[in-house]
Each structure stands twice: as C-alpha cells, then as structure tokens.
Amino acid sequence: MGTIERAEREVQDAIDRVRRCAEAKGTTTVVAVERELWTALLRLGRAVMALFLARHAARPRPATYMHESARFVLDPETRRRSEIGTRFGKVPFARAIGRPIGGRGCTDLPIDRELGLCSGFSLGTVTAVVQLCALMAFGTARRLFSEFHEWAPSTRTTLRMVDAVGGEARGFLDADAVPDDDGEVLVIQVDGRGAPMISSTEHARRRRPKQRTKGTGRRARRLRRREHPRPRRKKGDKSKNAKIAFVGVIYTLRSTRHGWEGPINKRLIATFESHDALFRWLVGHAERRGYGRKRCFFLADGSDHIWRGQQKYFPKAVPCIDWYHVAEKLWEAGGCLHREGSAALREWVRNEQGKLRHGKVAELLDDLAVAHNAIPKTGPGNKGRRQRLLKIIEYLAAHEHRMPYAALRREDLDIGTGAVEGAVRNLVGLRLDGPGMRWGRDRAEMILRLRCIVLNGQWDAFCSHLEARALRLAAKPVPARTHDAERQQSREAA
C-alpha cells in the first residue's frame, strides 16, 4: 500500500472514530464524550495533515532548481523522514531532498520551503506557542498549549520559537502604517519600570553542574545552600538587579460635537536599551502620524532623563508634567506644614490644587516660599521640614513651564499619564516582573516587543506578516546576556 493510500485509510478510520463518539451508550456523561471527541478530532486533524503532506510531496517537480544562487538536484530516492509539529500533534512527513550539484554545500528541503514550514513546525504552531509565551510564563504557556493540543514543544524549542518570532517584531512595529481614521491632536506619554535581570554571579551559579547527593531533594537543596551561601544584600544594593524598560504611548484625539474622542489608534512602544533609543523610535512613529503638522502634547512624570529627551526630540510638543505626580508633591509639602491626616492638611492641599488647576502656578510658589520662611530655623524637626519643603519648591519651580493645566482643562485635554501608567503595568509588571523571574537582556527585549504587538491588537496582522517571510528557528536558543545593576551609593557619589 502506498503512502497516499495509507494516509487516506487513516483519514477514514479517524472519521469513523469521530462518528462512534456520538453512538456512546449507557450512562456516559457529556464530560467523557467531550474528552473522547476532542482526542478523536485531533487524531482526524493529524490524519488529514498527513494526507495533505503526502500528496504535496508526491507532486511532480523539476529535477534541478536554483536556490540562493546555487543549483540543486532533487533526489527522489533519498527522503528525509521526520515529524512535523502541527496544531493537531506530530505528523510523519517523508519528502525528497535537494543535493547541491558539485557535492559542495548543505542539502536543501525545497518542499518544506514551499509549505512554509518553520524548521519542522507549522507557522500556526509557532505563533500560537509564542503568543502564549508573551502572555504568561514559559512553563505555564507550554502546559496550556498541551491542555488543548495534547502535546507541547520542549522547553528548548519553545525558547527557539520565541527568539525567531521575537526577532521579527521590531521590523513589524517599524512598518506600522498610519491609520486612515487618525485624530487631529497627537498625544505622547513616556514612563519606565524595572524588570529583574540575571546577574553574572547568578548566571554562573545556575550554570554549575548539579551535584548528586544521597537522600531526598530537600536534603540536597539544604546542602547546596550550606556549600554556596548567598551573601546578605548590602545597603544600596538593588534587590532585583533590575533593568529599566522605557515605555512610550502614542495616540490621537478626534474632535466631535460632543468633545474630544479618544484615545484613537493607541500604540505601545518599549525597549530596554535606553531613553534615547526609545525617543528615536518614537520620533519615527510620531512624524508619520503628523508631528510637526498637528497639535502635539507630551506628558510624563518628573524624570529629568525624559524631559531632556522631550526637549531634544519633541521640541514642538506642548510639555505637561503629570497632574497626579505634582499633586503628590503638594501633599508632601503640606506634610511639612500640618499634621499628617489632619483636616487642616486636607484643606491646605485642596486650596493649593485649586490654584494649580486655574493656572496660578506663580501664586502657588509664592505661598510655598512664605510657608518655608515661616518655619523656625531652630527647634525639633524644623531643619528637616525646611529642607524637604525647599526641595519641593525648587522642583516645582523647575517644572513651572510644564504645568499648563488651566489651558488643557478648558479644552478637556489630558493632564495625567494614566495611559502610560497602565501600559507600564501591562507590558512589564504583569509578565516580566513575576516572582523569581530573572531575565537575560536579549530575550526580555523580545518578549517586551511581542507584548507591544499583543496589547496593540496587532497579533493577527503580525501573523500575516510572518506568513510572507521565511521564518526559521535557530539551532539553539540565544544565550542569556547578563546585567549587573550599579549600586545606588556609587551612582549618587558619581
């Protein structure tokens, strides 16, 4: 019996098995039938895929062909036999290989290339696994994939899939077309959050070969802790060895007769590289969406790095420091003048916020200066109160030109950075800052970009983008690149 005839027979057997699921007799429950039917449907899917692959491999083809400036001859006698990972499970596949004419070079698999296979896996399988990995931990993603497909790629293969698909994410994000229904006002927000990276010390410890010990696993772990104790964290050391992820949000607002509508076509962009790298990336997106032609507003918290980037890359944008960030400073200033939790403190903050809302920033600074001078220079705690209040005054005075709250409120425009605060939590906090996680720099960057695509609602378009490319998995995962955070004390001293 030939390969195609055998595959057709297996398809018919699988169909009969699916039909028998509806003929269950006795006290069989729906749960049992559903479980058996799902397994039967996966078996049917594997049989159909095997038949499709066998028919495609049997099609007549030219004896010789060109690929990457090299000539190959198709050898129908020698076949590569392997299993293809599909959404239905592993499917056997035998196909002819191409040998280079002249005997030099590697063999070729032209039929795999015609089918769009990704190093022995269907593209749908690869993108499904990677999407789950972008949403949850790798181990959890593999278990969830196995729950629905009754198989899962190995941990090593999963990392290879993430590396291959993640390497295509930046190009896709850069090629994002300008939406046709964009609004008239452009808004850009920037923030950041740290994600725990693996240090060189931790990486070396994990690469040490595990010592075999007699007894239980609990005893082995106790012995390892005794032989290799972790030093106590010193003052100024960072507990998570974090690397900051720099996150930008860009969207527009559209004017309607009922007011501003938005955010419209919100896009998240993030990188671990640097603030400068994020701003260079943001500029390209902003210019395509009308920066320089549309009204543009730039919102962020009080980070000096962010505002230096705004002055360098977005000088035409109206700067606005986050309202809630300034409000926290007012509560901190009020704590230097009134007892914490008192009605007087609440009343003072309410009055000062009212001045801020109505654009009376100079009057607010004058009030703070008067309050600072009214604090005695001597007495218990007065020196610290004066120093804290003076720092707040200097901080607010430095950002006075970034507080156009009255003008923005009159137009019902944003004065807070809620969009980027939520983006930072979703992009970084929920996936990259989990318990016990320690990331290598390169793979963390890939996951960050993949999450941008997922949260932008662009995953289906990204899968279509991958279909037009010859995606290949590397022979082994990208090795982890370590990151050693600087101590806070040494950085302040510098």
# chains A, B, ... in the order shown; residues from 1 in each chain; ligands from 1

$ residues_around --residues "A:Val249" --least-positions-apart "4" --cutoff "12 Å" --atoms "only C-alpha atoms" --output "PDB file with N, CA and C atoms, in the first residue's frame"
ATOM      1  N   LEU A 186      -2.227  64.983  18.583  1.00  0.00           N
ATOM      2  CA  LEU A 186      -1.303  63.893  18.869  1.00  0.00           C
ATOM      3  C   LEU A 186      -0.848  63.985  20.325  1.00  0.00           C
ATOM      4  N   VAL A 187      -0.901  62.860  21.033  1.00  0.00           N
ATOM      5  CA  VAL A 187      -0.505  62.807  22.446  1.00  0.00           C
ATOM      6  C   VAL A 187       0.573  61.740  22.600  1.00  0.00           C
ATOM      7  N   ILE A 188       1.659  62.109  23.289  1.00  0.00           N
ATOM      8  CA  ILE A 188       2.768  61.188  23.553  1.00  0.00           C
ATOM      9  C   ILE A 188       3.011  61.166  25.057  1.00  0.00           C
ATOM     10  N   GLN A 189       3.122  59.968  25.610  1.00  0.00           N
ATOM     11  CA  GLN A 189       3.406  59.793  27.027  1.00  0.00           C
ATOM     12  C   GLN A 189       4.553  58.807  27.183  1.00  0.00           C
ATOM     13  N   VAL A 190       5.425  59.050  28.178  1.00  0.00           N
ATOM     14  CA  VAL A 190       6.611  58.219  28.390  1.00  0.00           C
ATOM     15  C   VAL A 190       6.761  57.927  29.878  1.00  0.00           C
ATOM     16  N   ASP A 191       7.145  56.695  30.174  1.00  0.00           N
ATOM     17  CA  ASP A 191       7.410  56.287  31.562  1.00  0.00           C
ATOM     18  C   ASP A 191       8.339  55.080  31.517  1.00  0.00           C
ATOM     19  N   GLY A 192       8.650  54.504  32.661  1.00  0.00           N
ATOM     20  CA  GLY A 192       9.527  53.346  32.716  1.00  0.00           C
ATOM     21  C   GLY A 192       9.292  52.522  33.959  1.00  0.00           C
ATOM     22  N   PRO A 263      -8.664  57.605  23.614  1.00  0.00           N
ATOM     23  CA  PRO A 263      -7.556  57.577  22.649  1.00  0.00           C
ATOM     24  C   PRO A 263      -7.880  56.771  21.390  1.00  0.00           C
ATOM     25  N   ILE A 264      -7.378  57.251  20.252  1.00  0.00           N
ATOM     26  CA  ILE A 264      -7.605  56.619  18.957  1.00  0.00           C
ATOM     27  C   ILE A 264      -6.286  56.032  18.466  1.00  0.00           C
ATOM     28  N   ASN A 265      -6.349  54.786  18.015  1.00  0.00           N
ATOM     29  CA  ASN A 265      -5.172  54.090  17.460  1.00  0.00           C
ATOM     30  C   ASN A 265      -3.979  54.175  18.410  1.00  0.00           C
ATOM     31  N   LYS A 266      -4.227  53.800  19.650  1.00  0.00           N
ATOM     32  CA  LYS A 266      -3.143  53.848  20.641  1.00  0.00           C
ATOM     33  C   LYS A 266      -2.118  52.767  20.334  1.00  0.00           C
ATOM     34  N   ARG A 267      -0.843  53.140  20.365  1.00  0.00           N
ATOM     35  CA  ARG A 267       0.248  52.223  20.112  1.00  0.00           C
ATOM     36  C   ARG A 267       1.240  52.280  21.272  1.00  0.00           C
ATOM     37  N   LEU A 268       1.669  51.106  21.733  1.00  0.00           N
ATOM     38  CA  LEU A 268       2.668  50.998  22.782  1.00  0.00           C
ATOM     39  C   LEU A 268       4.012  50.646  22.151  1.00  0.00           C
ATOM     40  N   ILE A 269       5.051  51.312  22.589  1.00  0.00           N
ATOM     41  CA  ILE A 269       6.417  51.075  22.110  1.00  0.00           C
ATOM     42  C   ILE A 269       7.308  51.009  23.340  1.00  0.00           C
ATOM     43  N   ALA A 270       8.191  50.020  23.393  1.00  0.00           N
ATOM     44  CA  ALA A 270       9.023  49.859  24.586  1.00  0.00           C
ATOM     45  C   ALA A 270      10.346  49.207  24.222  1.00  0.00           C
ATOM     46  N   LEU A 278      14.475  54.846  22.899  1.00  0.00           N
ATOM     47  CA  LEU A 278      13.015  54.936  22.848  1.00  0.00           C
ATOM     48  C   LEU A 278      12.574  56.195  22.123  1.00  0.00           C
ATOM     49  N   PHE A 279      13.203  57.323  22.417  1.00  0.00           N
ATOM     50  CA  PHE A 279      12.802  58.573  21.775  1.00  0.00           C
ATOM     51  C   PHE A 279      13.065  58.549  20.272  1.00  0.00           C
ATOM     52  N   TRP A 281      12.943  55.958  18.425  1.00  0.00           N
ATOM     53  CA  TRP A 281      11.892  55.089  17.890  1.00  0.00           C
ATOM     54  C   TRP A 281      10.562  55.829  17.836  1.00  0.00           C
ATOM     55  N   LEU A 282      10.277  56.589  18.910  1.00  0.00           N
ATOM     56  CA  LEU A 282       9.015  57.334  18.976  1.00  0.00           C
ATOM     57  C   LEU A 282       8.932  58.407  17.903  1.00  0.00           C
ATOM     58  N   VAL A 283      10.056  59.056  17.611  1.00  0.00           N
ATOM     59  CA  VAL A 283      10.048  60.148  16.628  1.00  0.00           C
ATOM     60  C   VAL A 283       9.544  59.655  15.283  1.00  0.00           C
ATOM     61  N   HIS A 285       7.506  57.156  14.600  1.00  0.00           N
ATOM     62  CA  HIS A 285       6.054  56.941  14.652  1.00  0.00           C
ATOM     63  C   HIS A 285       5.309  58.279  14.708  1.00  0.00           C
ATOM     64  N   ALA A 286       5.831  59.219  15.502  1.00  0.00           N
ATOM     65  CA  ALA A 286       5.140  60.498  15.652  1.00  0.00           C
ATOM     66  C   ALA A 286       5.138  61.288  14.345  1.00  0.00           C
ATOM     67  N   PHE A 297       1.017  67.080  22.274  1.00  0.00           N
ATOM     68  CA  PHE A 297       1.211  67.237  23.709  1.00  0.00           C
ATOM     69  C   PHE A 297       2.078  66.084  24.212  1.00  0.00           C
ATOM     70  N   PHE A 298       3.019  66.420  25.093  1.00  0.00           N
ATOM     71  CA  PHE A 298       3.940  65.434  25.654  1.00  0.00           C
ATOM     72  C   PHE A 298       3.739  65.411  27.163  1.00  0.00           C
ATOM     73  N   LEU A 299       3.377  64.241  27.702  1.00  0.00           N
ATOM     74  CA  LEU A 299       3.111  64.103  29.127  1.00  0.00           C
ATOM     75  C   LEU A 299       4.038  63.056  29.734  1.00  0.00           C
ATOM     76  N   ALA A 300       4.538  63.341  30.937  1.00  0.00           N
ATOM     77  CA  ALA A 300       5.408  62.401  31.644  1.00  0.00           C
ATOM     78  C   ALA A 300       5.461  62.819  33.103  1.00  0.00           C
ATOM     79  N   THR A 417      -1.026  60.982  33.152  1.00  0.00           N
ATOM     80  CA  THR A 417      -0.334  59.957  32.362  1.00  0.00           C
ATOM     81  C   THR A 417      -0.910  58.570  32.631  1.00  0.00           C
ATOM     82  N   GLY A 418      -2.223  58.483  32.776  1.00  0.00           N
ATOM     83  CA  GLY A 418      -2.845  57.192  33.050  1.00  0.00           C
ATOM     84  C   GLY A 418      -2.614  56.170  31.956  1.00  0.00           C
ATOM     85  N   ALA A 419      -2.550  56.623  30.696  1.00  0.00           N
ATOM     86  CA  ALA A 419      -2.362  55.688  29.585  1.00  0.00           C
ATOM     87  C   ALA A 419      -1.022  54.973  29.682  1.00  0.00           C
ATOM     88  N   VAL A 420       0.056  55.711  29.951  1.00  0.00           N
ATOM     89  CA  VAL A 420       1.366  55.071  30.010  1.00  0.00           C
ATOM     90  C   VAL A 420       1.555  54.339  31.333  1.00  0.00           C
ATOM     91  N   GLU A 421       0.904  54.792  32.407  1.00  0.00           N
ATOM     92  CA  GLU A 421       0.991  54.056  33.675  1.00  0.00           C
ATOM     93  C   GLU A 421       0.383  52.670  33.524  1.00  0.00           C
ATOM     94  N   GLY A 422      -0.783  52.596  32.860  1.00  0.00           N
ATOM     95  CA  GLY A 422      -1.387  51.293  32.616  1.00  0.00           C
ATOM     96  C   GLY A 422      -0.553  50.452  31.671  1.00  0.00           C
ATOM     97  N   ALA A 423       0.053  51.099  30.670  1.00  0.00           N
ATOM     98  CA  ALA A 423       0.891  50.367  29.720  1.00  0.00           C
ATOM     99  C   ALA A 423       2.110  49.776  30.406  1.00  0.00           C
ATOM    100  N   VAL A 424       2.718  50.517  31.311  1.00  0.00           N
ATOM    101  CA  VAL A 424       3.892  50.022  32.035  1.00  0.00           C
ATOM    102  C   VAL A 424       3.520  48.795  32.868  1.00  0.00           C
ATOM    103  N   LEU A 427       2.676  45.895  30.222  1.00  0.00           N
ATOM    104  CA  LEU A 427       3.823  45.451  29.442  1.00  0.00           C
ATOM    105  C   LEU A 427       4.882  44.782  30.307  1.00  0.00           C
ATOM    106  N   CYS A 452       4.079  44.308  23.138  1.00  0.00           N
ATOM    107  CA  CYS A 452       3.601  45.532  22.484  1.00  0.00           C
ATOM    108  C   CYS A 452       2.640  45.177  21.356  1.00  0.00           C
ATOM    109  N   LEU A 455      -0.715  43.788  22.915  1.00  0.00           N
ATOM    110  CA  LEU A 455      -1.536  44.816  23.547  1.00  0.00           C
ATOM    111  C   LEU A 455      -1.991  45.885  22.560  1.00  0.00           C
ATOM    112  N   ASN A 456      -1.273  46.035  21.450  1.00  0.00           N
ATOM    113  CA  ASN A 456      -1.732  46.946  20.401  1.00  0.00           C
ATOM    114  C   ASN A 456      -2.862  46.360  19.571  1.00  0.00           C
TER     115      ASN A 456
END

$ closest_atom_pairs --of "stretch 4-122 of chain A" --to "stretch 146-169 of chain A" --cutoff "10 Å" --atoms "only C-alpha atoms" --output "Markdown table"
| residue | atom | partner | partner_atom | distance |
| --- | --- | --- | --- | --- |
| A:Trp38 | CA | A:Phe148 | CA | 8.8 |
| A:Thr39 | CA | A:Glu150 | CA | 8.1 |
| A:Leu42 | CA | A:His149 | CA | 7.5 |
| A:Gly85 | CA | A:Pro153 | CA | 8.1 |
| A:Thr86 | CA | A:His149 | CA | 9.1 |
| A:Arg87 | CA | A:His149 | CA | 6.4 |
| A:Phe88 | CA | A:His149 | CA | 6.0 |
| A:Gly89 | CA | A:Trp151 | CA | 6.2 |
| A:Lys90 | CA | A:Trp151 | CA | 8.2 |
| A:Cys118 | CA | A:Met161 | CA | 9.1 |
| A:Ser119 | CA | A:Met161 | CA | 9.8 |
| A:Phe121 | CA | A:Pro153 | CA | 9.6 |

$ write_last_selection --atoms "C-alpha atoms" --output "PDB file, in the first residue's frame"
ATOM      1  CA  TRP A  38     -11.663  16.139  21.322  1.00  0.00           C
ATOM      2  CA  THR A  39      -8.983  13.444  21.155  1.00  0.00           C
ATOM      3  CA  LEU A  42      -7.145  15.867  16.972  1.00  0.00           C
ATOM      4  CA  GLY A  85       4.725  19.723  14.741  1.00  0.00           C
ATOM      5  CA  THR A  86       1.179  20.946  13.955  1.00  0.00           C
ATOM      6  CA  ARG A  87      -1.750  22.258  15.957  1.00  0.00           C
ATOM      7  CA  PHE A  88      -3.146  18.699  15.929  1.00  0.00           C
ATOM      8  CA  GLY A  89       0.053  16.962  17.030  1.00  0.00           C
ATOM      9  CA  LYS A  90       3.146  15.443  15.477  1.00  0.00           C
ATOM     10  CA  CYS A 118       9.432  26.621  10.245  1.00  0.00           C
ATOM     11  CA  SER A 119      12.235  24.164  10.974  1.00  0.00           C
ATOM     12  CA  PHE A 121       6.836  23.131  12.739  1.00  0.00           C
TER      13      PHE A 121
END

$ atom_distance --atom1 "atom CA of A:Arg207" --atom2 "atom CA of A:Leu223"
17.5 Å

$ select_by_dssp --residues "stretch 38-78 of chain A" --states "strand (DSSP E or B)" --output "ChimeraX atom specification"
/A:64-67,70-78

$ select_by_dssp --residues "stretch 34-250 of chain A" --states "helix (DSSP H, G or I)" --output "ChimeraX atom specification"
/A:34-57,110-115,123-135,138-149,155-166,169-174,200-207,217-227
